>>> print(open('upload-v9.cif').read())   # mmCIF, C-alpha atoms and all ligand atoms
data_final
loop_
_atom_site.label_atom_id
_atom_site.label_comp_id
_atom_site.auth_asym_id
_atom_site.auth_seq_id
_atom_site.Cartn_x
_atom_site.Cartn_y
_atom_site.Cartn_z
CA MET A 1 4.32 8.54 8.14
CA SER A 2 4.61 8.22 11.91
CA SER A 3 7.97 9.08 13.47
CA ASN A 4 10.46 6.32 12.69
CA SER A 5 11.36 5.20 16.19
CA LEU A 6 7.72 4.26 16.80
CA ALA A 7 6.83 3.00 13.30
CA THR A 8 6.53 -0.65 14.36
CA LEU A 9 3.67 0.27 16.71
CA ALA A 10 1.25 0.82 13.79
CA ASN A 11 -1.75 -1.54 14.16
CA LYS A 12 -0.35 -3.16 17.28
CA ARG A 13 -2.75 -4.00 20.10
CA ILE A 14 -1.31 -2.85 23.39
CA LEU A 15 -2.93 -3.57 26.71
CA LEU A 16 -1.69 -0.98 29.17
CA GLY A 17 -2.02 -2.10 32.78
CA ILE A 18 -1.82 0.77 35.26
CA THR A 19 -1.17 0.04 38.93
CA GLY A 20 -1.22 2.42 41.90
CA GLY A 21 1.67 4.85 41.92
CA ILE A 22 2.25 8.56 41.42
CA ALA A 23 3.87 7.83 38.02
CA ALA A 24 0.40 6.79 36.77
CA TYR A 25 -0.08 10.36 35.56
CA LYS A 26 2.58 9.70 32.90
CA CYS A 27 0.24 7.10 31.37
CA ALA A 28 -1.83 9.89 29.82
CA GLU A 29 1.10 10.99 27.66
CA LEU A 30 2.23 7.40 27.08
CA THR A 31 -1.22 6.47 25.76
CA ARG A 32 -1.26 9.51 23.51
CA LEU A 33 2.14 8.56 22.03
CA LEU A 34 1.16 4.93 21.48
CA SER A 35 -2.15 5.89 19.84
CA LYS A 36 -0.51 8.54 17.67
CA ALA A 37 1.92 5.89 16.38
CA GLY A 38 -1.11 3.84 15.29
CA ALA A 39 -1.38 1.37 18.16
CA ASP A 40 -4.77 0.34 19.47
CA VAL A 41 -4.54 0.84 23.24
CA ARG A 42 -6.83 -0.72 25.84
CA VAL A 43 -6.32 0.29 29.42
CA VAL A 44 -6.81 -1.90 32.49
CA MET A 45 -6.46 -0.18 35.87
CA THR A 46 -6.14 -1.56 39.38
CA LYS A 47 -8.36 0.04 42.01
CA ALA A 48 -5.35 1.91 43.46
CA ALA A 49 -4.47 3.30 40.00
CA THR A 50 -7.89 5.00 39.76
CA GLU A 51 -6.88 7.09 42.83
CA PHE A 52 -4.02 8.61 40.79
CA ILE A 53 -5.57 9.10 37.35
CA THR A 54 -9.21 8.83 36.33
CA PRO A 55 -10.54 6.08 34.05
CA LEU A 56 -12.33 8.84 32.12
CA THR A 57 -9.00 10.48 31.20
CA MET A 58 -7.61 7.15 30.04
CA GLN A 59 -10.80 6.39 28.10
CA ALA A 60 -10.65 9.73 26.29
CA LEU A 61 -6.99 9.25 25.35
CA SER A 62 -7.17 5.59 24.32
CA GLY A 63 -10.54 5.92 22.58
CA ASN A 64 -11.57 2.68 24.31
CA ARG A 65 -13.53 1.91 27.42
CA VAL A 66 -11.28 1.38 30.45
CA HIS A 67 -11.51 -1.95 32.25
CA HIS A 68 -11.05 -2.10 36.01
CA GLU A 69 -13.43 -4.65 37.51
CA LEU A 70 -13.06 -8.40 37.29
CA LEU A 71 -16.72 -9.03 37.96
CA ASP A 72 -18.39 -6.37 35.82
CA ALA A 73 -21.33 -7.74 33.83
CA ASP A 74 -21.41 -4.69 31.51
CA ALA A 75 -17.71 -4.89 30.63
CA GLU A 76 -17.94 -8.66 30.16
CA ALA A 77 -20.73 -8.10 27.63
CA GLY A 78 -18.43 -5.76 25.65
CA MET A 79 -15.10 -7.63 25.77
CA GLY A 80 -14.94 -10.37 28.39
CA HIS A 81 -11.75 -10.84 30.42
CA ILE A 82 -10.67 -13.97 28.55
CA GLU A 83 -11.24 -12.24 25.20
CA LEU A 84 -9.25 -9.30 26.57
CA ALA A 85 -6.43 -11.68 27.57
CA ARG A 86 -6.30 -13.01 23.98
CA TRP A 87 -6.51 -9.57 22.38
CA PRO A 88 -3.08 -7.87 22.88
CA ASP A 89 0.19 -8.14 20.99
CA LEU A 90 1.87 -6.77 24.11
CA ILE A 91 0.90 -6.18 27.73
CA LEU A 92 2.74 -3.27 29.33
CA VAL A 93 2.32 -2.71 33.06
CA ALA A 94 3.27 0.90 33.79
CA PRO A 95 3.75 1.89 36.49
CA ALA A 96 4.33 -1.55 38.00
CA SER A 97 4.22 -1.09 41.78
CA ALA A 98 6.25 -3.21 44.23
CA ASP A 99 3.02 -4.79 45.49
CA PHE A 100 1.83 -5.63 41.98
CA LEU A 101 5.19 -7.21 41.08
CA ALA A 102 4.96 -9.33 44.25
CA ARG A 103 1.44 -10.46 43.40
CA MET A 104 2.41 -11.21 39.84
CA ALA A 105 5.51 -13.17 40.84
CA ASN A 106 3.28 -15.29 43.08
CA GLY A 107 0.66 -15.90 40.38
CA HIS A 108 -2.20 -14.13 42.15
CA ALA A 109 -5.46 -13.50 40.31
CA THR A 110 -7.08 -11.13 42.76
CA ASP A 111 -8.10 -8.38 40.35
CA LEU A 112 -8.66 -7.95 36.62
CA LEU A 113 -5.07 -7.04 35.69
CA SER A 114 -3.41 -9.90 37.57
CA THR A 115 -6.03 -12.31 36.19
CA LEU A 116 -5.36 -11.14 32.61
CA LEU A 117 -1.63 -11.58 33.08
CA LEU A 118 -2.17 -15.17 34.22
CA ALA A 119 -4.53 -15.94 31.36
CA SER A 120 -2.69 -14.22 28.52
CA LYS A 121 -0.01 -15.65 26.24
CA ALA A 122 1.01 -12.16 25.03
CA PRO A 123 4.54 -10.86 25.70
CA VAL A 124 4.71 -8.82 28.91
CA ALA A 125 6.77 -5.71 29.67
CA LEU A 126 6.99 -4.12 33.11
CA ALA A 127 7.91 -0.53 33.93
CA PRO A 128 8.60 -0.56 37.68
CA ALA A 129 8.10 2.65 39.66
CA MET A 130 8.49 2.91 43.40
CA ASN A 131 10.45 4.44 46.26
CA GLN A 132 14.18 3.66 46.00
CA GLY A 133 14.15 1.70 49.29
CA MET A 134 11.33 -0.52 48.04
CA TRP A 135 13.15 -1.02 44.73
CA LEU A 136 16.43 -1.99 46.41
CA ASN A 137 14.73 -4.36 48.86
CA ALA A 138 15.74 -7.98 48.33
CA ALA A 139 12.07 -9.05 48.15
CA THR A 140 11.42 -6.74 45.17
CA GLN A 141 14.67 -7.75 43.48
CA ASP A 142 13.81 -11.46 43.92
CA ASN A 143 10.35 -10.88 42.44
CA LEU A 144 11.88 -9.03 39.49
CA SER A 145 14.36 -11.86 38.87
CA THR A 146 11.53 -14.38 38.93
CA LEU A 147 9.47 -12.35 36.44
CA ALA A 148 12.49 -11.73 34.15
CA ARG A 149 13.28 -15.45 34.21
CA ARG A 150 9.71 -16.14 33.09
CA GLY A 151 10.24 -13.91 30.06
CA CYS A 152 8.93 -10.51 31.20
CA LYS A 153 10.88 -7.54 29.81
CA ILE A 154 11.80 -4.97 32.43
CA PHE A 155 11.90 -1.33 31.26
CA GLY A 156 13.82 0.85 33.73
CA PRO A 157 13.52 2.18 36.31
CA ALA A 158 15.58 5.35 36.06
CA ALA A 159 17.36 6.95 38.99
CA GLY A 160 16.83 10.49 40.21
CA ALA A 161 14.65 12.66 42.42
CA GLN A 162 11.52 10.87 43.64
CA ALA A 163 8.06 12.18 44.48
CA CYS A 164 8.65 11.23 48.15
CA GLY A 165 11.79 13.40 48.32
CA ASP A 166 14.32 10.53 48.12
CA ILE A 167 16.97 10.37 45.45
CA GLY A 168 17.79 6.99 43.89
CA PRO A 169 16.54 4.26 41.54
CA GLY A 170 12.79 3.76 41.14
CA ARG A 171 11.56 6.49 38.77
CA MET A 172 9.39 5.22 35.95
CA LEU A 173 10.90 5.79 32.50
CA GLU A 174 9.52 8.76 30.58
CA PRO A 175 6.59 8.14 28.17
CA GLN A 176 8.75 8.57 25.04
CA GLU A 177 11.34 6.08 26.38
CA LEU A 178 8.59 3.57 27.20
CA ALA A 179 6.93 3.97 23.80
CA GLU A 180 10.30 3.39 22.10
CA ALA A 181 10.99 0.35 24.27
CA CYS A 182 7.56 -1.07 23.25
CA ALA A 183 8.28 -0.33 19.57
CA GLY A 184 11.57 -2.20 19.93
CA MET A 185 9.65 -5.37 20.82
CA PHE A 186 8.15 -5.63 17.32
CA THR A 187 9.88 -6.57 14.08
CA PRO A 188 9.44 -3.89 11.40
CA GLY A 189 7.15 -4.85 8.50
CA LEU A 190 7.75 -3.73 4.89
CA LEU A 191 5.15 -0.95 5.29
CA SER A 192 5.60 -0.12 9.00
CA GLY A 193 3.90 3.18 9.77
CA LEU A 194 3.00 3.96 6.13
CA ARG A 195 -0.49 5.52 5.91
CA ILE A 196 -2.44 3.91 3.10
CA MET A 197 -5.93 4.81 1.89
CA ILE A 198 -7.74 2.27 -0.30
CA THR A 199 -11.09 2.57 -2.07
CA ALA A 200 -12.87 -0.71 -2.77
CA GLY A 201 -16.10 -2.23 -4.03
CA PRO A 202 -18.72 -0.60 -6.23
CA THR A 203 -20.61 2.61 -5.63
CA ARG A 204 -24.38 2.64 -5.80
CA GLU A 205 -26.33 5.53 -7.37
CA ALA A 206 -30.01 5.67 -6.46
CA ILE A 207 -32.69 6.01 -9.18
CA ASP A 208 -35.57 5.88 -6.72
CA PRO A 209 -35.93 4.43 -3.19
CA VAL A 210 -35.73 0.83 -4.48
CA ARG A 211 -33.53 0.95 -7.60
CA TYR A 212 -29.95 1.90 -8.33
CA ILE A 213 -27.16 1.89 -10.92
CA SER A 214 -23.94 0.13 -9.99
CA ASN A 215 -20.94 -1.80 -11.30
CA HIS A 216 -19.86 -5.39 -10.84
CA SER A 217 -17.32 -5.47 -8.03
CA SER A 218 -17.00 -7.94 -5.17
CA GLY A 219 -14.47 -5.72 -3.35
CA LYS A 220 -12.17 -8.75 -2.87
CA MET A 221 -9.09 -7.15 -4.46
CA GLY A 222 -9.34 -3.95 -2.38
CA TYR A 223 -10.02 -5.93 0.80
CA ALA A 224 -7.07 -8.27 0.08
CA LEU A 225 -4.82 -5.20 -0.35
CA ALA A 226 -6.11 -3.71 2.91
CA THR A 227 -5.54 -6.98 4.80
CA GLU A 228 -2.03 -7.49 3.43
CA ALA A 229 -1.03 -3.85 3.92
CA ALA A 230 -2.13 -3.96 7.58
CA ASP A 231 -0.20 -7.23 8.01
CA ALA A 232 2.90 -5.49 6.64
CA GLY A 233 2.52 -2.76 9.29
CA ALA A 234 0.69 -0.04 7.33
CA LEU A 235 -2.02 2.15 8.88
CA VAL A 236 -4.88 1.41 6.52
CA THR A 237 -8.10 3.32 5.87
CA LEU A 238 -10.45 1.35 3.64
CA ILE A 239 -13.24 3.38 2.05
CA SER A 240 -15.67 0.77 0.91
CA GLY A 241 -18.80 0.75 -1.18
CA PRO A 242 -21.47 -1.89 -0.42
CA VAL A 243 -19.91 -5.40 -0.45
CA ASN A 244 -20.50 -8.70 1.33
CA LEU A 245 -17.12 -8.97 3.01
CA PRO A 246 -16.15 -8.82 6.68
CA ALA A 247 -14.09 -5.79 7.77
CA PRO A 248 -10.39 -6.77 7.75
CA ALA A 249 -8.73 -6.81 11.18
CA ARG A 250 -6.69 -3.72 12.17
CA VAL A 251 -8.14 -1.66 9.31
CA ASN A 252 -10.17 1.52 9.69
CA VAL A 253 -13.18 0.84 7.47
CA ILE A 254 -15.40 3.70 6.29
CA GLN A 255 -18.62 2.53 4.62
CA VAL A 256 -20.02 4.65 1.80
CA ILE A 257 -22.73 4.20 -0.83
CA THR A 258 -22.37 6.76 -3.62
CA ALA A 259 -19.42 8.15 -5.58
CA LEU A 260 -19.99 11.56 -4.02
CA ASP A 261 -19.86 10.00 -0.51
CA MET A 262 -16.67 8.16 -1.48
CA LEU A 263 -15.03 11.33 -2.76
CA GLU A 264 -15.96 13.20 0.43
CA ALA A 265 -14.51 10.44 2.64
CA CYS A 266 -11.30 10.40 0.57
CA ILE A 267 -10.85 14.17 0.73
CA ALA A 268 -11.40 14.13 4.51
CA GLY A 269 -8.39 11.84 5.02
CA ILE A 270 -6.13 12.57 2.05
CA GLU A 271 -3.78 14.96 3.87
CA GLN A 272 -2.96 12.18 6.34
CA THR A 273 -2.24 9.68 3.55
CA ASP A 274 1.13 8.59 2.13
CA VAL A 275 -0.22 6.21 -0.52
CA PHE A 276 -3.65 6.21 -2.17
CA ILE A 277 -4.82 3.04 -3.94
CA GLY A 278 -8.04 3.39 -5.96
CA VAL A 279 -9.49 -0.08 -6.45
CA ALA A 280 -13.16 0.92 -6.32
CA ALA A 281 -15.35 0.40 -9.38
CA VAL A 282 -16.89 3.84 -9.17
CA ALA A 283 -20.11 4.36 -11.16
CA ASP A 284 -19.23 6.77 -13.94
CA TYR A 285 -22.75 8.28 -14.02
CA ARG A 286 -25.54 8.91 -11.52
CA PRO A 287 -29.19 9.81 -12.12
CA ALA A 288 -29.54 13.59 -12.39
CA GLN A 289 -32.44 13.42 -9.95
CA ILE A 290 -33.34 10.76 -7.39
CA VAL A 291 -37.11 10.23 -7.63
CA SER A 292 -38.54 10.35 -4.11
CA HIS A 293 -41.13 7.58 -4.65
CA LYS A 294 -40.93 4.21 -6.41
CA ILE A 295 -41.32 4.76 -10.20
CA LYS A 296 -44.35 2.77 -11.43
CA LYS A 297 -43.75 0.49 -14.42
CA THR A 298 -46.65 1.78 -16.52
CA ALA A 299 -44.71 3.15 -19.50
CA GLU A 300 -43.13 0.85 -22.15
CA THR A 301 -39.88 2.78 -22.09
CA LEU A 302 -38.18 4.85 -19.44
CA GLN A 303 -35.64 7.57 -20.03
CA LEU A 304 -33.07 8.20 -17.32
CA ASN A 305 -31.12 11.41 -17.34
CA LEU A 306 -27.59 10.70 -16.08
CA VAL A 307 -24.82 13.06 -15.05
CA ARG A 308 -21.10 12.32 -14.79
CA ASN A 309 -19.71 11.42 -11.41
CA PRO A 310 -16.43 13.02 -10.38
CA ASP A 311 -13.33 11.00 -11.12
CA ILE A 312 -12.20 10.37 -7.55
CA ILE A 313 -8.62 9.33 -8.24
CA GLY A 314 -8.25 12.08 -10.88
CA THR A 315 -9.52 14.72 -8.41
CA LEU A 316 -7.09 13.55 -5.73
CA ALA A 317 -4.16 13.26 -8.17
CA ALA A 318 -4.62 16.92 -9.15
CA ARG A 319 -3.95 18.08 -5.58
CA PHE A 320 -0.56 19.33 -4.43
CA PRO A 321 1.04 18.00 -2.34
CA ARG A 322 -0.47 14.60 -2.95
CA PRO A 323 0.15 11.02 -1.88
CA LEU A 324 1.68 8.40 -4.16
CA MET A 325 -1.29 7.65 -6.44
CA VAL A 326 -2.03 4.08 -7.53
CA GLY A 327 -4.95 3.21 -9.82
CA PHE A 328 -6.56 0.10 -11.22
CA ALA A 329 -8.01 -0.46 -14.66
CA ALA A 330 -10.32 -3.34 -15.48
CA GLU A 331 -10.60 -3.58 -19.26
CA THR A 332 -12.29 -6.07 -21.57
CA ASN A 333 -9.73 -5.68 -24.38
CA ASP A 334 -6.33 -4.11 -25.14
CA VAL A 335 -5.67 -4.21 -21.41
CA GLN A 336 -2.09 -2.98 -21.47
CA ALA A 337 -2.64 -0.17 -23.99
CA TYR A 338 -5.73 1.18 -22.19
CA GLY A 339 -3.93 0.83 -18.87
CA GLN A 340 -0.96 2.80 -20.12
CA GLU A 341 -3.23 5.53 -21.48
CA LYS A 342 -5.08 5.73 -18.13
CA LEU A 343 -1.83 5.90 -16.14
CA ILE A 344 -0.83 9.02 -18.07
CA ARG A 345 -4.26 10.66 -18.47
CA LYS A 346 -5.09 10.32 -14.77
CA ASN A 347 -1.59 11.46 -13.80
CA LEU A 348 -0.92 8.41 -11.60
CA ASP A 349 2.34 7.01 -10.25
CA MET A 350 1.38 3.40 -10.83
CA LEU A 351 -1.49 1.43 -12.31
CA PHE A 352 -2.53 -2.22 -12.23
CA ALA A 353 -4.40 -3.27 -15.36
CA ASN A 354 -6.35 -6.48 -15.63
CA GLU A 355 -8.86 -8.29 -17.76
CA ALA A 356 -12.29 -7.34 -16.41
CA THR A 357 -14.67 -10.24 -16.75
CA SER A 358 -12.34 -13.03 -15.55
CA THR A 359 -11.56 -11.02 -12.39
CA PHE A 360 -15.09 -10.28 -11.14
CA GLY A 361 -15.87 -12.15 -7.93
CA SER A 362 -12.95 -14.49 -8.54
CA ASP A 363 -10.45 -15.38 -5.81
CA SER A 364 -7.66 -15.48 -8.36
CA VAL A 365 -6.28 -12.62 -10.43
CA SER A 366 -3.56 -11.65 -12.84
CA ALA A 367 -2.54 -8.05 -13.43
CA THR A 368 0.01 -5.97 -15.25
CA ALA A 369 1.78 -3.38 -13.15
CA LEU A 370 2.55 -0.20 -15.11
CA TRP A 371 4.61 2.75 -14.00
CA LEU A 372 6.48 5.56 -15.64
CA GLN A 373 10.21 5.56 -16.03
CA THR A 374 11.39 8.51 -13.99
CA GLY A 375 14.81 8.76 -15.64
CA SER A 376 16.76 7.91 -12.53
CA ALA A 377 18.89 4.80 -12.86
CA LYS A 378 17.88 3.78 -9.34
CA ASN A 379 14.25 3.53 -10.38
CA ASN A 380 14.95 1.35 -13.36
CA VAL A 381 17.19 -1.32 -11.94
CA HIS A 382 15.19 -2.20 -8.82
CA ASP A 383 13.52 -5.11 -10.59
CA SER A 384 15.42 -7.11 -13.17
CA ASN A 385 12.17 -8.75 -14.41
CA ALA A 386 10.63 -5.39 -15.31
CA THR A 387 10.31 -4.81 -19.04
CA GLN A 388 10.30 -1.42 -20.68
CA SER A 389 8.08 -0.02 -23.40
CA SER A 390 7.73 3.64 -24.44
CA ALA A 391 8.92 5.07 -21.11
CA THR A 392 6.48 2.88 -19.18
CA LEU A 393 7.80 -0.04 -17.17
CA SER A 394 5.64 -3.08 -16.65
CA LYS A 395 5.59 -6.33 -14.75
CA THR A 396 3.09 -9.16 -14.92
CA LEU A 397 1.71 -10.55 -11.66
CA GLY A 398 -0.20 -13.84 -11.24
CA PRO A 399 -2.45 -15.53 -12.06
CA ALA A 400 -2.57 -16.34 -8.36
CA GLY A 401 -4.76 -15.83 -5.31
CA LYS A 402 -5.76 -12.21 -4.67
CA ASN A 403 -3.88 -12.13 -1.35
CA LEU A 404 -0.60 -13.28 -2.92
CA VAL A 405 -1.00 -10.82 -5.83
CA ALA A 406 -1.88 -8.10 -3.29
CA ARG A 407 1.44 -8.73 -1.50
CA GLN A 408 3.32 -8.49 -4.81
CA MET A 409 1.47 -5.27 -5.66
CA LEU A 410 2.33 -3.76 -2.26
CA SER A 411 5.99 -4.62 -2.74
CA LEU A 412 6.01 -2.78 -6.10
CA ILE A 413 4.08 0.13 -4.57
CA HIS A 414 6.65 0.29 -1.77
CA ASP A 415 9.45 0.51 -4.38
CA ARG A 416 7.62 3.46 -6.01
CA TRP A 417 7.15 5.08 -2.60
CA LEU A 418 10.89 4.85 -1.88
CA ALA A 419 11.74 6.16 -5.37
CA SER A 420 9.33 9.10 -4.96
CA ARG A 421 10.89 10.42 -1.78
O1 LIG A 501 -13.34 3.38 -14.19
P1 LIG A 501 -11.92 3.59 -14.66
O2 LIG A 501 -11.43 2.51 -15.56
O3 LIG A 501 -11.64 4.98 -15.14
O4 LIG A 501 -11.07 3.38 -13.31
C1 LIG A 501 -9.69 3.55 -13.29
C2 LIG A 501 -9.24 3.99 -11.93
O5 LIG A 501 -9.89 5.19 -11.57
C3 LIG A 501 -9.52 3.04 -10.79
O6 LIG A 501 -8.42 3.12 -9.92
C4 LIG A 501 -10.78 3.58 -10.14
O7 LIG A 501 -10.87 3.25 -8.77
C5 LIG A 501 -10.61 5.06 -10.36
N1 LIG A 501 -11.87 5.82 -10.53
C6 LIG A 501 -12.19 6.79 -9.63
N2 LIG A 501 -13.32 7.53 -9.80
C7 LIG A 501 -14.11 7.34 -10.88
C8 LIG A 501 -13.79 6.34 -11.81
C9 LIG A 501 -12.66 5.59 -11.60
O8 LIG A 501 -11.48 6.96 -8.64
N3 LIG A 501 -15.19 8.07 -11.02
#
>>> encode(input="upload-v9.cif", output="structure tokens")
Amino acid sequence: MSSNSLATLANKRILLGITGGIAAYKCAELTRLLSKAGADVRVVMTKAATEFITPLTMQALSGNRVHHELLDADAEAGMGHIELARWPDLILVAPASADFLARMANGHATDLLSTLLLASKAPVALAPAMNQGMWLNAATQDNLSTLARRGCKIFGPAAGAQACGDIGPGRMLEPQELAEACAGMFTPGLLSGLRIMITAGPTREAIDPVRYISNHSSGKMGYALATEAADAGALVTLISGPVNLPAPARVNVIQVITALDMLEACIAGIEQTDVFIGVAAVADYRPAQIVSHKIKKTAETLQLNLVRNPDIIGTLAARFPRPLMVGFAAETNDVQAYGQEKLIRKNLDMLFANEATSTFGSDSVSATALWLQTGSAKNNVHDSNATQSSATLSKTLGPAGKNLVARQMLSLIHDRWLASR
């Protein structure tokens, strides 16, 4: 989980506007801190800013192309300036020079950054940085008052030794202070900063270049969980088999085909995961050999030799240390009993069992949450509706839309996460 003071930055879209000032070098560290906390950072630089720190540095640290020209056909083809104005949850201008504050206070749109600020409805924070004389000048103070009155947050400046040799107010706040000030602008979600990995959809196991074995699975439940978890502030990695669903916003989607691919993708990220939720309908078997050419249908019968696929959730649950492990079980009969057996056999912390055929492709779902009584009183009284049977606690969810049930599931998972710590 990311450090607490920055937890609300997970998934947030921050547009960092850099103007010309020596403090621009601090933006490298600021961007690193914001990105590490899970924010998606896009950098816009004024021409003067590029004299202090290179766009290439900012591109490498933000992982996104840096924008600096208003009339750049290439950049407009990627993310146009109006799209960019609609994109952020927060615009932070750091350092904000005296000249830029003056232009902003007067509503200029002479370069990309000032144009974006005019066009955007996103909250704006300013981190002024300038010589103490410029800061104390009545013109700068009037501009600041105007911008504060219009709703801009002003972070700093601090007082101290300045690059020009003066001592006084005008130093830009330090990167950590700025990152914390940004985090303070967002309300914490239930899952703020929690790192969640979800598998979803079916896997596909090739027989030959045109045929495969698979399971019924639309991926809707896993995608609903990913969407709702990201909305609640979690950092979500969704490892998805082939489905016909759009990638949820603010979710890191990794596309896979086979069970072996899915296992590999899970193992690659498992050490950076707090909670693992296995929703995928993994094919239990795969053809022992993939025939390299299309098998001709000449014979009356065809024998396929199948081998067991690894149990992904079981493999991950056997690791130590491990994340909180949450499984799913789609059964056609004796749902609760099979679910309970699977919870214990696979050594999971929680399992959602549901009736298989009514769930497939449907937008609505009902499920029984099952988890083991851990013996601590705290764990047992958190939900007065929970019923107990043979050391397993259960709670019925739905029938309701998959997104609503996903939110209820995440709330129960969050309880387990708190109890496990
Ligand atoms: O298919 P089964 O009923 O055993 O699935 C129960 C749980 O195990 C689900 O969470 C599913 O995603 C997971 N699973 C897995 N790897 C498998 C089979 C199932 O992770 N090979």
>>> closest_atom_pairs(input="upload-v9.cif", of="chain A", to="ligand LIG 501 (chain A)", cutoff="9 Å", atoms="all atoms listed in the file", output="CSV")
residue,atom,partner,partner_atom,distance
A:Thr199,CA,A:LIG501,O7,6.7
A:Ala200,CA,A:LIG501,O7,7.5
A:Gly201,CA,A:LIG501,O7,8.9
A:Ala259,CA,A:LIG501,N3,6.9
A:Met262,CA,A:LIG501,O8,8.9
A:Leu263,CA,A:LIG501,O8,8.1
A:Ile277,CA,A:LIG501,O6,7.0
A:Gly278,CA,A:LIG501,O6,4.0
A:Val279,CA,A:LIG501,O7,4.3
A:Ala280,CA,A:LIG501,O7,4.1
A:Ala281,CA,A:LIG501,O7,5.3
A:Val282,CA,A:LIG501,C8,4.8
A:Ala283,CA,A:LIG501,N3,6.2
A:Asp284,CA,A:LIG501,N3,5.2
A:Tyr285,CA,A:LIG501,N3,8.1
A:Arg308,CA,A:LIG501,N3,8.2
A:Asn309,CA,A:LIG501,N3,5.6
A:Pro310,CA,A:LIG501,N3,5.1
A:Asp311,CA,A:LIG501,N3,3.5
A:Ile312,CA,A:LIG501,O8,3.7
A:Ile313,CA,A:LIG501,O8,3.7
A:Gly314,CA,A:LIG501,O8,6.5
A:Thr315,CA,A:LIG501,O8,8.0
A:Leu316,CA,A:LIG501,O8,8.4
A:Val326,CA,A:LIG501,O6,6.9
A:Gly327,CA,A:LIG501,O6,3.5
A:Phe328,CA,A:LIG501,O6,3.8
A:Ala329,CA,A:LIG501,C1,4.6
A:Ala330,CA,A:LIG501,O2,6.0
A:Glu331,CA,A:LIG501,O2,7.2
A:Tyr338,CA,A:LIG501,O2,8.8
A:Gly339,CA,A:LIG501,O2,8.4
A:Lys342,CA,A:LIG501,C1,7.0
A:Leu343,CA,A:LIG501,C1,8.7
A:Lys346,CA,A:LIG501,O5,7.7
A:Leu351,CA,A:LIG501,O6,7.5
A:Phe352,CA,A:LIG501,O6,8.3
A:Ala353,CA,A:LIG501,C1,8.9
>>> closest_residue(input="upload-v9.cif", among="A:Ile267, A:Ala158, A:Cys164, A:Ile290", to="Pro209 (chain A)", atoms="all atoms listed in the file")
A:Ile290
>>> closest_residue(input="upload-v9.cif", among="A:Val236, A:Leu126, A:Ala356, A:Ala102", to="Lys153 (chain A)", atoms="only C-alpha atoms")
A:Leu126
>>> residues_around(input="upload-v9.cif", residues="Val307 (chain A)", least_positions_apart="3", cutoff="7 Å", atoms="all atoms listed in the file", output="count of residues only")
4
>>> atom_distance(input="upload-v9.cif", atom1="CA of Val365 (chain A)", atom2="CA of Thr332 (chain A)")
14.3 Å
>>> closest_residue(input="upload-v9.cif", among="A:Val253, A:Leu61, A:Ala367, A:Ala94", to="Met197 (chain A)", atoms="all atoms listed in the file")
A:Val253
>>> closest_residue(input="upload-v9.cif", among="A:Thr146, A:Ser362, A:Gln340, A:Thr46", to="Leu113 (chain A)", atoms="only C-alpha atoms")
A:Thr46
>>> residues_around(input="upload-v9.cif", residues="Met185 (chain A)", least_positions_apart="5", cutoff="9 Å", atoms="all atoms listed in the file", output="ChimeraX atom specification")
/A:8,90,123,180
>>> axis_aligned_box(input="upload-v9.cif", around="region 284-301 of chain A", padding_each_side="3 Å", output="JSON")
{"center_x": -32.9, "center_y": 7.0, "center_z": -13.1, "size_x": 33.4, "size_y": 19.1, "size_z": 24.0}
>>> atom_distance(input="upload-v9.cif", atom1="CA of Ala419 (chain A)", atom2="CA of Val405 (chain A)")
21.2 Å
>>> residues_around(input="upload-v9.cif", residues="Leu404 (chain A)", least_positions_apart="3", cutoff="12 Å", atoms="all atoms listed in the file", output="PDB file with C-alpha atoms, in the frame of the given file")
ATOM      1  CA  MET A 221      -9.090  -7.150  -4.460  1.00  0.00           C
ATOM      2  CA  ALA A 224      -7.070  -8.270   0.080  1.00  0.00           C
ATOM      3  CA  LEU A 225      -4.820  -5.200  -0.350  1.00  0.00           C
ATOM      4  CA  THR A 227      -5.540  -6.980   4.800  1.00  0.00           C
ATOM      5  CA  GLU A 228      -2.030  -7.490   3.430  1.00  0.00           C
ATOM      6  CA  ALA A 229      -1.030  -3.850   3.920  1.00  0.00           C
ATOM      7  CA  ASP A 363     -10.450 -15.380  -5.810  1.00  0.00           C
ATOM      8  CA  SER A 364      -7.660 -15.480  -8.360  1.00  0.00           C
ATOM      9  CA  VAL A 365      -6.280 -12.620 -10.430  1.00  0.00           C
ATOM     10  CA  SER A 366      -3.560 -11.650 -12.840  1.00  0.00           C
ATOM     11  CA  ALA A 367      -2.540  -8.050 -13.430  1.00  0.00           C
ATOM     12  CA  LEU A 397       1.710 -10.550 -11.660  1.00  0.00           C
ATOM     13  CA  GLY A 398      -0.200 -13.840 -11.240  1.00  0.00           C
ATOM     14  CA  PRO A 399      -2.450 -15.530 -12.060  1.00  0.00           C
ATOM     15  CA  ALA A 400      -2.570 -16.340  -8.360  1.00  0.00           C
ATOM     16  CA  GLY A 401      -4.760 -15.830  -5.310  1.00  0.00           C
ATOM     17  CA  ARG A 407       1.440  -8.730  -1.500  1.00  0.00           C
ATOM     18  CA  GLN A 408       3.320  -8.490  -4.810  1.00  0.00           C
ATOM     19  CA  MET A 409       1.470  -5.270  -5.660  1.00  0.00           C
ATOM     20  CA  LEU A 410       2.330  -3.760  -2.260  1.00  0.00           C
ATOM     21  CA  SER A 411       5.990  -4.620  -2.740  1.00  0.00           C
TER      22      SER A 411
END
